[in-house]
$ cat data.pdb   # PDB, C-alpha atoms
ATOM      1  CA  MET M  88       2.939  10.158   7.578
ATOM      2  CA  TYR M  89       0.512  10.428   4.665
ATOM      3  CA  ASP M  90       0.137  14.233   4.731
ATOM      4  CA  PRO M  91       2.215  17.136   6.187
ATOM      5  CA  ARG M  92      -0.725  18.184   8.356
ATOM      6  CA  VAL M  93      -0.305  14.991  10.404
ATOM      7  CA  SER M  94       2.802  16.389  12.096
ATOM      8  CA  VAL M  95       1.047  19.700  12.800
ATOM      9  CA  ILE M  96      -1.918  17.926  14.409
ATOM     10  CA  TRP M  97       0.306  15.817  16.631
ATOM     11  CA  GLU M  98       2.390  18.786  17.736
ATOM     12  CA  ILE M  99      -0.860  20.284  19.050
ATOM     13  CA  ILE M 100      -1.888  17.009  20.704
ATOM     14  CA  ARG M 101       1.581  16.596  22.234
ATOM     15  CA  ASP M 102       1.308  20.074  23.769
ATOM     16  CA  PHE M 103      -2.140  19.183  25.102
ATOM     17  CA  PHE M 104      -0.812  16.050  26.804
ATOM     18  CA  GLU M 105       1.954  18.139  28.346
ATOM     19  CA  THR M 106      -0.631  20.423  29.973
ATOM     20  CA  ARG M 107      -2.345  17.335  31.393
ATOM     21  CA  GLY M 108       0.792  16.142  33.142
ATOM     22  CA  CYS M 109       1.258  13.246  30.728
ATOM     23  CA  PRO M 110       4.164  14.176  28.436
ATOM     24  CA  ILE M 111       4.534  12.084  25.304
ATOM     25  CA  ASP M 112       7.029  11.761  22.469
ATOM     26  CA  VAL M 113       5.476  11.409  19.022
ATOM     27  CA  THR M 114       7.115   9.197  16.414
ATOM     28  CA  PHE M 115       6.084   9.017  12.760
ATOM     29  CA  PHE M 116       6.479   6.083  10.391
ATOM     30  CA  SER M 117       6.406   5.821   6.618
ATOM     31  CA  THR M 118       4.350   2.607   6.716
ATOM     32  CA  TYR M 119       2.063   0.858   9.160
ATOM     33  CA  GLU M 120       4.187  -2.288   8.925
ATOM     34  CA  LEU M 121       7.125  -0.376  10.393
ATOM     35  CA  GLN M 122       4.879   1.060  13.091
ATOM     36  CA  VAL M 123       3.671  -2.401  14.119
ATOM     37  CA  THR M 124       7.283  -3.611  14.206
ATOM     38  CA  ALA M 125       8.196  -0.719  16.511
ATOM     39  CA  LEU M 126       5.243  -1.454  18.797
ATOM     40  CA  LEU M 127       6.027  -5.148  19.130
ATOM     41  CA  GLY M 128       9.750  -4.408  19.470
ATOM     42  CA  ARG M 129       9.010  -2.024  22.377
ATOM     43  CA  GLY M 130      10.274   0.990  20.443
ATOM     44  CA  ILE M 131       6.929   2.681  21.096
ATOM     45  CA  ASP M 132       4.261   2.065  23.727
ATOM     46  CA  ILE M 133       1.093   3.091  21.873
ATOM     47  CA  ALA M 134       0.374   2.829  18.153
ATOM     48  CA  TRP M 135      -2.471   4.533  16.352
ATOM     49  CA  ASN M 136      -3.152   1.640  14.040
ATOM     50  CA  SER M 137      -5.242   1.340  10.937
ATOM     51  CA  PRO M 138      -7.704  -1.565  11.082
ATOM     52  CA  LEU M 139      -5.325  -3.639   8.960
ATOM     53  CA  ALA M 140      -2.399  -2.730  11.246
ATOM     54  CA  TRP M 141      -4.493  -3.832  14.248
ATOM     55  CA  LEU M 142      -4.973  -7.245  12.624
ATOM     56  CA  ASP M 143      -1.270  -7.389  11.780
ATOM     57  CA  ALA M 144      -0.288  -6.532  15.364
ATOM     58  CA  GLN M 145      -2.555  -9.255  16.724
ATOM     59  CA  ARG M 146      -1.298 -11.749  14.156
ATOM     60  CA  ARG M 147       2.342 -11.045  14.874
ATOM     61  CA  SER M 148       1.923 -10.921  18.656
ATOM     62  CA  GLY M 149      -0.222 -14.041  18.887
ATOM     63  CA  GLY M 150      -3.160 -12.026  20.153
ATOM     64  CA  GLY M 151      -1.051 -10.149  22.695
ATOM     65  CA  CYS M 152      -2.261  -6.601  21.966
ATOM     66  CA  ARG M 153      -5.198  -4.547  23.235
ATOM     67  CA  ALA M 154      -7.304  -1.840  21.599
ATOM     68  CA  ILE M 155      -7.678   0.998  24.098
ATOM     69  CA  ALA M 156      -9.207   4.035  22.356
ATOM     70  CA  MET M 157     -10.640   5.334  19.094
ATOM     71  CA  ARG M 158     -12.455   8.320  17.610
ATOM     72  CA  ASP M 159     -16.227   8.420  17.557
ATOM     73  CA  THR M 160     -15.962   8.780  13.774
ATOM     74  CA  ASP M 161     -13.979   5.534  13.525
ATOM     75  CA  ARG M 162     -16.996   3.507  14.614
ATOM     76  CA  ASP M 163     -19.677   2.093  12.319
ATOM     77  CA  ARG M 164     -18.300   3.244   8.986
ATOM     78  CA  VAL M 165     -19.392   1.652   5.706
ATOM     79  CA  SER M 166     -17.923   1.504   2.221
ATOM     80  CA  HIS M 167     -20.027   2.111  -0.875
ATOM     81  CA  ILE M 168     -19.981   0.535  -4.301
ATOM     82  CA  VAL M 169     -20.669   3.495  -6.566
ATOM     83  CA  GLY M 170     -21.835   3.383 -10.183
ATOM     84  CA  ARG M 171     -22.975   5.837 -12.829
ATOM     85  CA  THR M 172     -26.592   6.917 -12.523
ATOM     86  CA  ILE M 173     -27.279   6.043 -16.162
ATOM     87  CA  GLY M 174     -24.792   3.182 -16.241
ATOM     88  CA  PRO M 175     -25.390  -0.566 -16.578
ATOM     89  CA  VAL M 176     -24.876  -1.444 -12.898
ATOM     90  CA  ARG M 177     -27.987  -1.234 -10.700
ATOM     91  CA  THR M 178     -27.163  -4.072  -8.289
ATOM     92  CA  LEU M 179     -24.038  -5.999  -7.362
ATOM     93  CA  THR M 180     -25.153  -8.833  -9.633
ATOM     94  CA  ASP M 181     -24.832  -6.457 -12.574
ATOM     95  CA  LEU M 182     -21.065  -6.280 -11.923
ATOM     96  CA  ARG M 183     -20.596  -9.777 -13.334
ATOM     97  CA  GLY M 184     -18.421  -9.558 -16.416
ATOM     98  CA  ARG M 185     -17.604  -5.907 -15.756
ATOM     99  CA  THR M 186     -14.808  -3.919 -14.053
ATOM    100  CA  LEU M 187     -14.756  -2.651 -10.475
ATOM    101  CA  ALA M 188     -12.172   0.035  -9.640
ATOM    102  CA  VAL M 189     -10.707  -0.109  -6.128
ATOM    103  CA  GLY M 190      -8.017   1.702  -4.149
ATOM    104  CA  ALA M 191      -4.633   0.501  -2.945
ATOM    105  CA  MET M 192      -4.196  -3.218  -2.336
ATOM    106  CA  ASP M 193      -3.877  -2.608   1.434
ATOM    107  CA  SER M 194      -6.858  -0.260   1.797
ATOM    108  CA  PRO M 195      -9.483  -1.801   4.097
ATOM    109  CA  GLN M 196     -12.131   0.711   3.061
ATOM    110  CA  ALA M 197     -11.577   0.907  -0.699
ATOM    111  CA  THR M 198     -10.394  -2.613  -1.502
ATOM    112  CA  LEU M 199     -10.427  -5.402   1.078
ATOM    113  CA  ILE M 200     -13.835  -4.902   2.696
ATOM    114  CA  PRO M 201     -15.590  -4.100  -0.621
ATOM    115  CA  LEU M 202     -14.138  -7.294  -2.110
ATOM    116  CA  GLY M 203     -15.578  -9.111   0.886
ATOM    117  CA  LEU M 204     -18.990  -7.647   0.057
ATOM    118  CA  LEU M 205     -18.734  -9.098  -3.452
ATOM    119  CA  ARG M 206     -17.987 -12.548  -2.046
ATOM    120  CA  GLN M 207     -20.947 -12.309   0.329
ATOM    121  CA  SER M 208     -23.096 -11.677  -2.753
ATOM    122  CA  GLY M 209     -21.753 -14.712  -4.591
ATOM    123  CA  ILE M 210     -19.477 -12.719  -6.878
ATOM    124  CA  GLU M 211     -15.863 -13.854  -6.987
ATOM    125  CA  PRO M 212     -13.359 -11.003  -7.398
ATOM    126  CA  ARG M 213     -11.070 -11.516 -10.403
ATOM    127  CA  GLY M 214     -13.306 -14.383 -11.470
ATOM    128  CA  HIS M 215     -16.792 -13.002 -12.060
ATOM    129  CA  VAL M 216     -15.608  -9.374 -12.102
ATOM    130  CA  GLU M 217     -12.378  -7.697 -13.172
ATOM    131  CA  ILE M 218     -10.691  -5.760 -10.347
ATOM    132  CA  ARG M 219      -8.694  -2.687 -11.310
ATOM    133  CA  GLY M 220      -6.637  -1.427  -8.371
ATOM    134  CA  PHE M 221      -4.766   1.829  -7.875
ATOM    135  CA  ASP M 222      -1.791   1.197  -5.613
ATOM    136  CA  VAL M 223      -1.059   4.736  -4.472
ATOM    137  CA  LEU M 224       1.269   4.894  -1.432
ATOM    138  CA  VAL M 225       1.002   1.244  -0.436
ATOM    139  CA  GLY M 226       1.881   0.907   3.232
ATOM    140  CA  LYS M 227      -0.438   3.733   4.302
ATOM    141  CA  HIS M 228      -3.427   1.319   4.391
ATOM    142  CA  GLY M 229      -5.702   3.681   2.497
ATOM    143  CA  ASP M 230      -5.217   6.641   4.851
ATOM    144  CA  HIS M 231      -3.941   8.463   1.797
ATOM    145  CA  VAL M 232      -7.059   8.595  -0.401
ATOM    146  CA  GLY M 233      -5.067   8.868  -3.629
ATOM    147  CA  GLY M 234      -5.893   5.339  -4.764
ATOM    148  CA  GLU M 235      -9.507   5.722  -3.744
ATOM    149  CA  LEU M 236      -9.755   8.966  -5.697
ATOM    150  CA  GLU M 237      -8.096   7.374  -8.738
ATOM    151  CA  ALA M 238     -10.702   4.601  -8.608
ATOM    152  CA  LEU M 239     -13.430   7.252  -8.718
ATOM    153  CA  ARG M 240     -11.722   8.966 -11.649
ATOM    154  CA  CYS M 241     -11.592   5.608 -13.420
ATOM    155  CA  LEU M 242     -15.369   5.316 -13.044
ATOM    156  CA  GLN M 243     -15.895   8.896 -14.194
ATOM    157  CA  ARG M 244     -13.792   8.262 -17.317
ATOM    158  CA  GLY M 245     -15.989   5.284 -18.150
ATOM    159  CA  GLU M 246     -13.156   2.786 -17.697
ATOM    160  CA  ALA M 247     -14.957   0.908 -14.906
ATOM    161  CA  ALA M 248     -18.586   0.074 -14.254
ATOM    162  CA  ALA M 249     -18.291   0.902 -10.530
ATOM    163  CA  CYS M 250     -15.799   1.892  -7.856
ATOM    164  CA  ALA M 251     -15.404   1.483  -4.095
ATOM    165  CA  MET M 252     -15.067   4.249  -1.501
ATOM    166  CA  LEU M 253     -15.550   5.039   2.184
ATOM    167  CA  ASP M 254     -18.838   6.669   3.165
ATOM    168  CA  LEU M 255     -16.993   9.684   4.586
ATOM    169  CA  ASN M 256     -15.296  10.237   1.228
ATOM    170  CA  TRP M 257     -18.607   9.898  -0.627
ATOM    171  CA  ASP M 258     -20.030  12.557   1.678
ATOM    172  CA  ALA M 259     -17.027  14.873   1.321
ATOM    173  CA  TRP M 260     -16.723  14.480  -2.446
ATOM    174  CA  THR M 261     -20.413  15.101  -3.079
ATOM    175  CA  ARG M 262     -20.167  18.247  -0.931
ATOM    176  CA  ASP M 263     -17.104  19.695  -2.645
ATOM    177  CA  GLY M 264     -18.131  18.849  -6.209
ATOM    178  CA  THR M 265     -15.633  16.032  -6.826
ATOM    179  CA  ILE M 266     -18.685  13.820  -7.347
ATOM    180  CA  ASP M 267     -21.809  15.050  -9.118
ATOM    181  CA  PRO M 268     -24.587  13.130  -7.318
ATOM    182  CA  SER M 269     -26.739  13.405 -10.433
ATOM    183  CA  GLU M 270     -24.119  11.372 -12.328
ATOM    184  CA  CYS M 271     -23.083   8.847  -9.657
ATOM    185  CA  THR M 272     -25.141   6.715  -7.304
ATOM    186  CA  VAL M 273     -24.541   4.245  -4.471
ATOM    187  CA  ILE M 274     -25.250   0.715  -5.713
ATOM    188  CA  ALA M 275     -24.585  -1.141  -2.458
ATOM    189  CA  SER M 276     -22.943  -0.675   0.917
ATOM    190  CA  THR M 277     -20.931  -2.959   3.175
ATOM    191  CA  GLU M 278     -21.890  -3.876   6.705
ATOM    192  CA  PRO M 279     -20.661  -1.360   9.308
ATOM    193  CA  PHE M 280     -17.024  -1.656  10.350
ATOM    194  CA  ASP M 281     -14.589   0.204  12.588
ATOM    195  CA  HIS M 282     -11.499   2.081  11.506
ATOM    196  CA  CYS M 283      -8.377   3.247  13.372
ATOM    197  CA  VAL M 284      -7.672   2.213  16.955
ATOM    198  CA  PHE M 285      -4.961   2.960  19.518
ATOM    199  CA  THR M 286      -3.117  -0.287  20.187
ATOM    200  CA  VAL M 287      -0.851  -1.326  23.071
ATOM    201  CA  ARG M 288       1.054  -4.453  23.972
ATOM    202  CA  GLY M 289      -0.598  -6.586  26.599
ATOM    203  CA  GLU M 290       2.146  -6.003  29.169
ATOM    204  CA  LEU M 291       1.958  -2.185  29.128
ATOM    205  CA  ALA M 292       1.677  -1.041  32.756
ATOM    206  CA  ALA M 293      -1.941  -0.352  33.701
ATOM    207  CA  GLU M 294      -0.981   2.867  35.497
ATOM    208  CA  ALA M 295       0.794   4.286  32.450
ATOM    209  CA  GLU M 296      -2.076   3.320  30.168
ATOM    210  CA  GLN M 297      -4.684   4.873  32.459
ATOM    211  CA  ARG M 298      -2.728   8.117  32.799
ATOM    212  CA  TRP M 299      -2.558   8.370  29.005
ATOM    213  CA  LEU M 300      -6.261   7.565  28.595
ATOM    214  CA  ASP M 301      -7.239  10.089  31.270
ATOM    215  CA  ALA M 302      -5.450  12.791  29.291
ATOM    216  CA  LEU M 303      -6.955  11.678  25.977
ATOM    217  CA  PHE M 304     -10.508  11.453  27.319
ATOM    218  CA  SER M 305     -10.213  14.875  28.924
ATOM    219  CA  MET M 306     -10.544  16.477  25.486
ATOM    220  CA  ARG M 307     -14.000  18.039  25.161
ATOM    221  CA  TYR M 308     -15.490  19.264  21.917
ATOM    222  CA  ASP M 309     -17.563  21.863  23.758
ATOM    223  CA  ASP M 310     -14.320  23.435  25.016
ATOM    224  CA  PRO M 311     -13.224  25.984  22.366
ATOM    225  CA  THR M 312      -9.558  25.401  23.234
ATOM    226  CA  HIS M 313      -9.942  21.710  22.331
ATOM    227  CA  ARG M 314     -12.291  22.054  19.363
ATOM    228  CA  GLU M 315      -9.730  23.124  16.752
ATOM    229  CA  MET M 316      -7.556  20.123  17.547
ATOM    230  CA  MET M 317     -10.515  17.747  17.418
ATOM    231  CA  ASP M 318     -11.799  19.253  14.178
ATOM    232  CA  LEU M 319      -8.365  18.728  12.617
ATOM    233  CA  GLU M 320      -8.542  15.061  13.607
ATOM    234  CA  GLY M 321     -12.173  14.710  12.525
ATOM    235  CA  LEU M 322     -13.877  13.753  15.769
ATOM    236  CA  LYS M 323     -16.188  15.064  18.472
ATOM    237  CA  ALA M 324     -15.290  12.534  21.172
ATOM    238  CA  TRP M 325     -12.665   9.923  22.040
ATOM    239  CA  LEU M 326     -14.197   6.557  22.920
ATOM    240  CA  PRO M 327     -12.903   3.311  24.428
ATOM    241  CA  GLY M 328     -11.387   0.944  21.896
ATOM    242  CA  ARG M 329     -13.346  -2.042  20.652
ATOM    243  CA  THR M 330     -12.603  -4.903  18.291
ATOM    244  CA  THR M 331     -16.064  -6.104  17.259
ATOM    245  CA  GLY M 332     -15.923  -3.793  14.249
ATOM    246  CA  PHE M 333     -13.065  -5.696  12.592
ATOM    247  CA  ARG M 334     -14.997  -8.827  11.646
ATOM    248  CA  ALA M 335     -15.606  -7.886   8.012
ATOM    249  CA  LEU M 336     -11.953  -6.983   7.487
ATOM    250  CA  THR M 337     -10.786 -10.173   9.174
ATOM    251  CA  ALA M 338     -12.932 -12.246   6.807
ATOM    252  CA  ALA M 339     -11.719 -10.282   3.784
ATOM    253  CA  VAL M 340      -8.055 -10.571   4.772
ATOM    254  CA  ASN M 341      -8.431 -14.329   5.204
ATOM    255  CA  ALA M 342     -10.230 -14.722   1.865
ATOM    256  CA  GLU M 343      -7.554 -12.663   0.087
ATOM    257  CA  ARG M 344      -4.773 -14.465   2.014
ATOM    258  CA  PHE M 345      -3.444 -10.952   2.394
ATOM    259  CA  PHE M 346      -0.688 -11.482   4.919
ATOM    260  CA  GLU M 347       0.442 -14.678   3.232
ATOM    261  CA  ARG M 348       1.004 -12.734   0.030
ATOM    262  CA  GLN M 349       2.986  -9.930   1.702
ATOM    263  CA  PRO M 350       6.736 -10.016   2.342
ATOM    264  CA  SER M 351       7.434 -10.833   5.990
ATOM    265  CA  SER M 352       7.336  -7.677   8.123
ATOM    266  CA  ALA M 353       8.185  -9.385  11.413
TER     267      ALA M 353
END

$ encode --input "data.pdb" --output "structure tokens"
Amino acid sequence: MYDPRVSVIWEIIRDFFETRGCPIDVTFFSTYELQVTALLGRGIDIAWNSPLAWLDAQRRSGGGCRAIAMRDTDRDRVSHIVGRTIGPVRTLTDLRGRTLAVGAMDSPQATLIPLGLLRQSGIEPRGHVEIRGFDVLVGKHGDHVGGELEALRCLQRGEAAACAMLDLNWDAWTRDGTIDPSECTVIASTEPFDHCVFTVRGELAAEAEQRWLDALFSMRYDDPTHREMMDLEGLKAWLPGRTTGFRALTAAVNAERFFERQPSSA
């Protein structure tokens, strides 16, 4: 639960599943760690996991989970390193000896994957470049863009040479005036990655899973009665789940030793 509208959206989706003969109960969690614990403890059957929560579920289950569905908009995302148009940073190399503002420590899009991009470019975070993080609502895995927005504000105040953000947020913030595109520019972008994915335990009954997927995939954007719900969730189609888009995050998590540094959530 990172925003009150989440409960409204899922009340609509719950009613939709009811009309499809596949009634569901919807449970909300304050953190993804608690959600993963509930999934692995059989308190819930399906978890809509962040990419980091997917990795955590696989780590804690010994690879015993499956990704079964995702939004079209959760595929092939990128994160941008953004600098000031007239600032000193034109390439990633220019970040050496300067400050990069990032989001919450557990944000794949605004922290972990961008730090991985630096490493790929031969720039060691916290060694060659100072990292200034904004740990807003840790546990939400960056779904709450507060830390990401604070990183942008840090850049705009001149307290950082660049900041990291998801491409969708760059697009939204340049549209609504949060970012003046004449003052900020994209310096570099990460390789494409995937975002949230519905996750189940390996032993979930195939019949139950298929009944749920049949209901989910029956949503059609060209149906006006479905469109409002899909617009609220930011998608035009539900797609099968895939895991190939988590490679960059996996590498970043390993390099950061992320799970080793976190208190045990098992």

$ closest_residue --input "data.pdb" --among "M:Phe115, M:Trp299, M:Phe103, M:Trp257" --to "Phe285 of chain M" --atoms "only C-alpha atoms"
M:Trp299

$ resolve_selection --input "data.pdb" --expression "the PyMOL selection byres ((chain M and resi 263-267) around 12)" --output "PDB file with C-alpha atoms, in the frame of the given file"
ATOM      1  CA  VAL M 169     -20.669   3.495  -6.566  1.00  0.00           C
ATOM      2  CA  GLY M 170     -21.835   3.383 -10.183  1.00  0.00           C
ATOM      3  CA  ARG M 171     -22.975   5.837 -12.829  1.00  0.00           C
ATOM      4  CA  THR M 172     -26.592   6.917 -12.523  1.00  0.00           C
ATOM      5  CA  LEU M 236      -9.755   8.966  -5.697  1.00  0.00           C
ATOM      6  CA  GLU M 237      -8.096   7.374  -8.738  1.00  0.00           C
ATOM      7  CA  LEU M 239     -13.430   7.252  -8.718  1.00  0.00           C
ATOM      8  CA  ARG M 240     -11.722   8.966 -11.649  1.00  0.00           C
ATOM      9  CA  LEU M 242     -15.369   5.316 -13.044  1.00  0.00           C
ATOM     10  CA  GLN M 243     -15.895   8.896 -14.194  1.00  0.00           C
ATOM     11  CA  MET M 252     -15.067   4.249  -1.501  1.00  0.00           C
ATOM     12  CA  ASN M 256     -15.296  10.237   1.228  1.00  0.00           C
ATOM     13  CA  TRP M 257     -18.607   9.898  -0.627  1.00  0.00           C
ATOM     14  CA  ASP M 258     -20.030  12.557   1.678  1.00  0.00           C
ATOM     15  CA  ALA M 259     -17.027  14.873   1.321  1.00  0.00           C
ATOM     16  CA  TRP M 260     -16.723  14.480  -2.446  1.00  0.00           C
ATOM     17  CA  THR M 261     -20.413  15.101  -3.079  1.00  0.00           C
ATOM     18  CA  ARG M 262     -20.167  18.247  -0.931  1.00  0.00           C
ATOM     19  CA  PRO M 268     -24.587  13.130  -7.318  1.00  0.00           C
ATOM     20  CA  SER M 269     -26.739  13.405 -10.433  1.00  0.00           C
ATOM     21  CA  GLU M 270     -24.119  11.372 -12.328  1.00  0.00           C
ATOM     22  CA  CYS M 271     -23.083   8.847  -9.657  1.00  0.00           C
ATOM     23  CA  THR M 272     -25.141   6.715  -7.304  1.00  0.00           C
ATOM     24  CA  VAL M 273     -24.541   4.245  -4.471  1.00  0.00           C
TER      25      VAL M 273
END

$ resolve_selection --input "data.pdb" --expression "the PyMOL selection byres ((chain M and resi 143) around 12)" --output "ChimeraX atom specification"
/M:119-124,126-127,136-142,144-152,193,228,286,333,336-337,340-341,345-347,349,351-353

$ residues_around --input "data.pdb" --residues "Glu235 of chain M" --least-positions-apart "4" --cutoff "10 Å" --atoms "all atoms listed in the file" --output "CSV table (one decimal) with C-alpha atoms, in the coordinates of the input"
chain,number,residue,atom,x,y,z
M,188,ALA,CA,-12.2,0.0,-9.6
M,189,VAL,CA,-10.7,-0.1,-6.1
M,190,GLY,CA,-8.0,1.7,-4.1
M,191,ALA,CA,-4.6,0.5,-2.9
M,194,SER,CA,-6.9,-0.3,1.8
M,196,GLN,CA,-12.1,0.7,3.1
M,197,ALA,CA,-11.6,0.9,-0.7
M,198,THR,CA,-10.4,-2.6,-1.5
M,220,GLY,CA,-6.6,-1.4,-8.4
M,221,PHE,CA,-4.8,1.8,-7.9
M,222,ASP,CA,-1.8,1.2,-5.6
M,223,VAL,CA,-1.1,4.7,-4.5
M,229,GLY,CA,-5.7,3.7,2.5
M,230,ASP,CA,-5.2,6.6,4.9
M,231,HIS,CA,-3.9,8.5,1.8
M,239,LEU,CA,-13.4,7.3,-8.7
M,240,ARG,CA,-11.7,9.0,-11.6
M,241,CYS,CA,-11.6,5.6,-13.4
M,250,CYS,CA,-15.8,1.9,-7.9
M,251,ALA,CA,-15.4,1.5,-4.1
M,252,MET,CA,-15.1,4.2,-1.5
M,253,LEU,CA,-15.6,5.0,2.2
M,256,ASN,CA,-15.3,10.2,1.2

$ closest_residue --input "data.pdb" --among "M:Val113, M:Ile173, M:Ala324, M:Ile133" --to "Glu290 of chain M" --atoms "all atoms listed in the file"
M:Ile133

$ resolve_selection --input "data.pdb" --expression "the PyMOL selection byres ((chain M and resi 162) around 7)" --output "PyMOL selection string"
chain M and resi 159-161+163-164+280-282

$ atom_distance --input "data.pdb" --atom1 "atom CA of Gly245 of chain M" --atom2 "atom CA of Val176 of chain M"
12.3 Å

$ closest_residue --input "data.pdb" --among "M:Gly128, M:Pro91, M:Pro279, M:Pro195" --to "Gly234 of chain M" --atoms "all atoms listed in the file"
M:Pro195

$ atom_distance --input "data.pdb" --atom1 "atom CA of Gly184 of chain M" --atom2 "atom CA of Ala247 of chain M"
11.1 Å

$ closest_residue --input "data.pdb" --among "M:Leu202, M:Val225, M:Cys283, M:Leu322" --to "Thr118 of chain M" --atoms "all atoms listed in the file"
M:Val225

$ closest_residue --input "data.pdb" --among "M:Ala302, M:Leu187, M:Ala249, M:Val232" --to "Glu105 of chain M" --atoms "all atoms listed in the file"
M:Ala302

$ atom_distance --input "data.pdb" --atom1 "atom CA of Cys109 of chain M" --atom2 "atom CA of Arg298 of chain M"
6.8 Å

$ closest_residue --input "data.pdb" --among "M:Pro311, M:Pro212, M:Gly321, M:Pro327" --to "Leu182 of chain M" --atoms "all atoms listed in the file"
M:Pro212

$ decode --input "data.pdb" --residues "segment 183-189 of chain M" --atoms "all heavy atoms" --output "PDB file, in the first residue's frame"
ATOM      1  N   ARG M 183      32.626  11.138 -12.394  1.00  0.00           N
ATOM      2  CA  ARG M 183      33.741  10.881 -11.479  1.00  0.00           C
ATOM      3  C   ARG M 183      34.034  12.120 -10.633  1.00  0.00           C
ATOM      4  O   ARG M 183      34.202  13.215 -11.163  1.00  0.00           O
ATOM      5  CB  ARG M 183      34.993  10.473 -12.242  1.00  0.00           C
ATOM      6  CG  ARG M 183      34.914   9.064 -12.832  1.00  0.00           C
ATOM      7  CD  ARG M 183      36.158   8.747 -13.650  1.00  0.00           C
ATOM      8  NE  ARG M 183      36.132   7.378 -14.157  1.00  0.00           N
ATOM      9  CZ  ARG M 183      36.663   6.334 -13.541  1.00  0.00           C
ATOM     10  NH1 ARG M 183      37.295   6.509 -12.384  1.00  0.00           N
ATOM     11  NH2 ARG M 183      36.587   5.121 -14.064  1.00  0.00           N
ATOM     12  N   GLY M 184      34.087  11.906  -9.328  1.00  0.00           N
ATOM     13  CA  GLY M 184      34.368  12.992  -8.409  1.00  0.00           C
ATOM     14  C   GLY M 184      33.174  13.887  -8.131  1.00  0.00           C
ATOM     15  O   GLY M 184      33.315  14.904  -7.443  1.00  0.00           O
ATOM     16  N   ARG M 185      32.007  13.496  -8.613  1.00  0.00           N
ATOM     17  CA  ARG M 185      30.805  14.312  -8.413  1.00  0.00           C
ATOM     18  C   ARG M 185      29.750  13.509  -7.643  1.00  0.00           C
ATOM     19  O   ARG M 185      30.018  12.392  -7.192  1.00  0.00           O
ATOM     20  CB  ARG M 185      30.262  14.795  -9.753  1.00  0.00           C
ATOM     21  CG  ARG M 185      31.304  15.541 -10.589  1.00  0.00           C
ATOM     22  CD  ARG M 185      30.680  16.101 -11.863  1.00  0.00           C
ATOM     23  NE  ARG M 185      31.700  16.588 -12.781  1.00  0.00           N
ATOM     24  CZ  ARG M 185      32.272  17.791 -12.721  1.00  0.00           C
ATOM     25  NH1 ARG M 185      31.904  18.628 -11.755  1.00  0.00           N
ATOM     26  NH2 ARG M 185      33.188  18.157 -13.595  1.00  0.00           N
ATOM     27  N   THR M 186      28.550  14.059  -7.499  1.00  0.00           N
ATOM     28  CA  THR M 186      27.485  13.434  -6.717  1.00  0.00           C
ATOM     29  C   THR M 186      26.332  13.018  -7.622  1.00  0.00           C
ATOM     30  O   THR M 186      25.867  13.800  -8.454  1.00  0.00           O
ATOM     31  CB  THR M 186      26.949  14.415  -5.645  1.00  0.00           C
ATOM     32  OG1 THR M 186      28.013  14.754  -4.754  1.00  0.00           O
ATOM     33  CG2 THR M 186      25.805  13.795  -4.864  1.00  0.00           C
ATOM     34  N   LEU M 187      25.888  11.766  -7.440  1.00  0.00           N
ATOM     35  CA  LEU M 187      24.706  11.259  -8.118  1.00  0.00           C
ATOM     36  C   LEU M 187      23.610  11.067  -7.081  1.00  0.00           C
ATOM     37  O   LEU M 187      23.805  10.387  -6.070  1.00  0.00           O
ATOM     38  CB  LEU M 187      25.004   9.920  -8.802  1.00  0.00           C
ATOM     39  CG  LEU M 187      23.792   9.197  -9.407  1.00  0.00           C
ATOM     40  CD1 LEU M 187      23.237   9.960 -10.600  1.00  0.00           C
ATOM     41  CD2 LEU M 187      24.159   7.760  -9.808  1.00  0.00           C
ATOM     42  N   ALA M 188      22.446  11.666  -7.315  1.00  0.00           N
ATOM     43  CA  ALA M 188      21.298  11.512  -6.413  1.00  0.00           C
ATOM     44  C   ALA M 188      20.447  10.339  -6.889  1.00  0.00           C
ATOM     45  O   ALA M 188      20.148  10.223  -8.079  1.00  0.00           O
ATOM     46  CB  ALA M 188      20.466  12.791  -6.385  1.00  0.00           C
ATOM     47  N   VAL M 189      20.071   9.468  -5.955  1.00  0.00           N
ATOM     48  CA  VAL M 189      19.267   8.293  -6.282  1.00  0.00           C
ATOM     49  C   VAL M 189      18.072   8.229  -5.332  1.00  0.00           C
ATOM     50  O   VAL M 189      17.962   9.010  -4.386  1.00  0.00           O
ATOM     51  CB  VAL M 189      20.098   6.997  -6.201  1.00  0.00           C
ATOM     52  CG1 VAL M 189      21.267   7.045  -7.184  1.00  0.00           C
ATOM     53  CG2 VAL M 189      20.611   6.761  -4.780  1.00  0.00           C
TER      54      VAL M 189
END
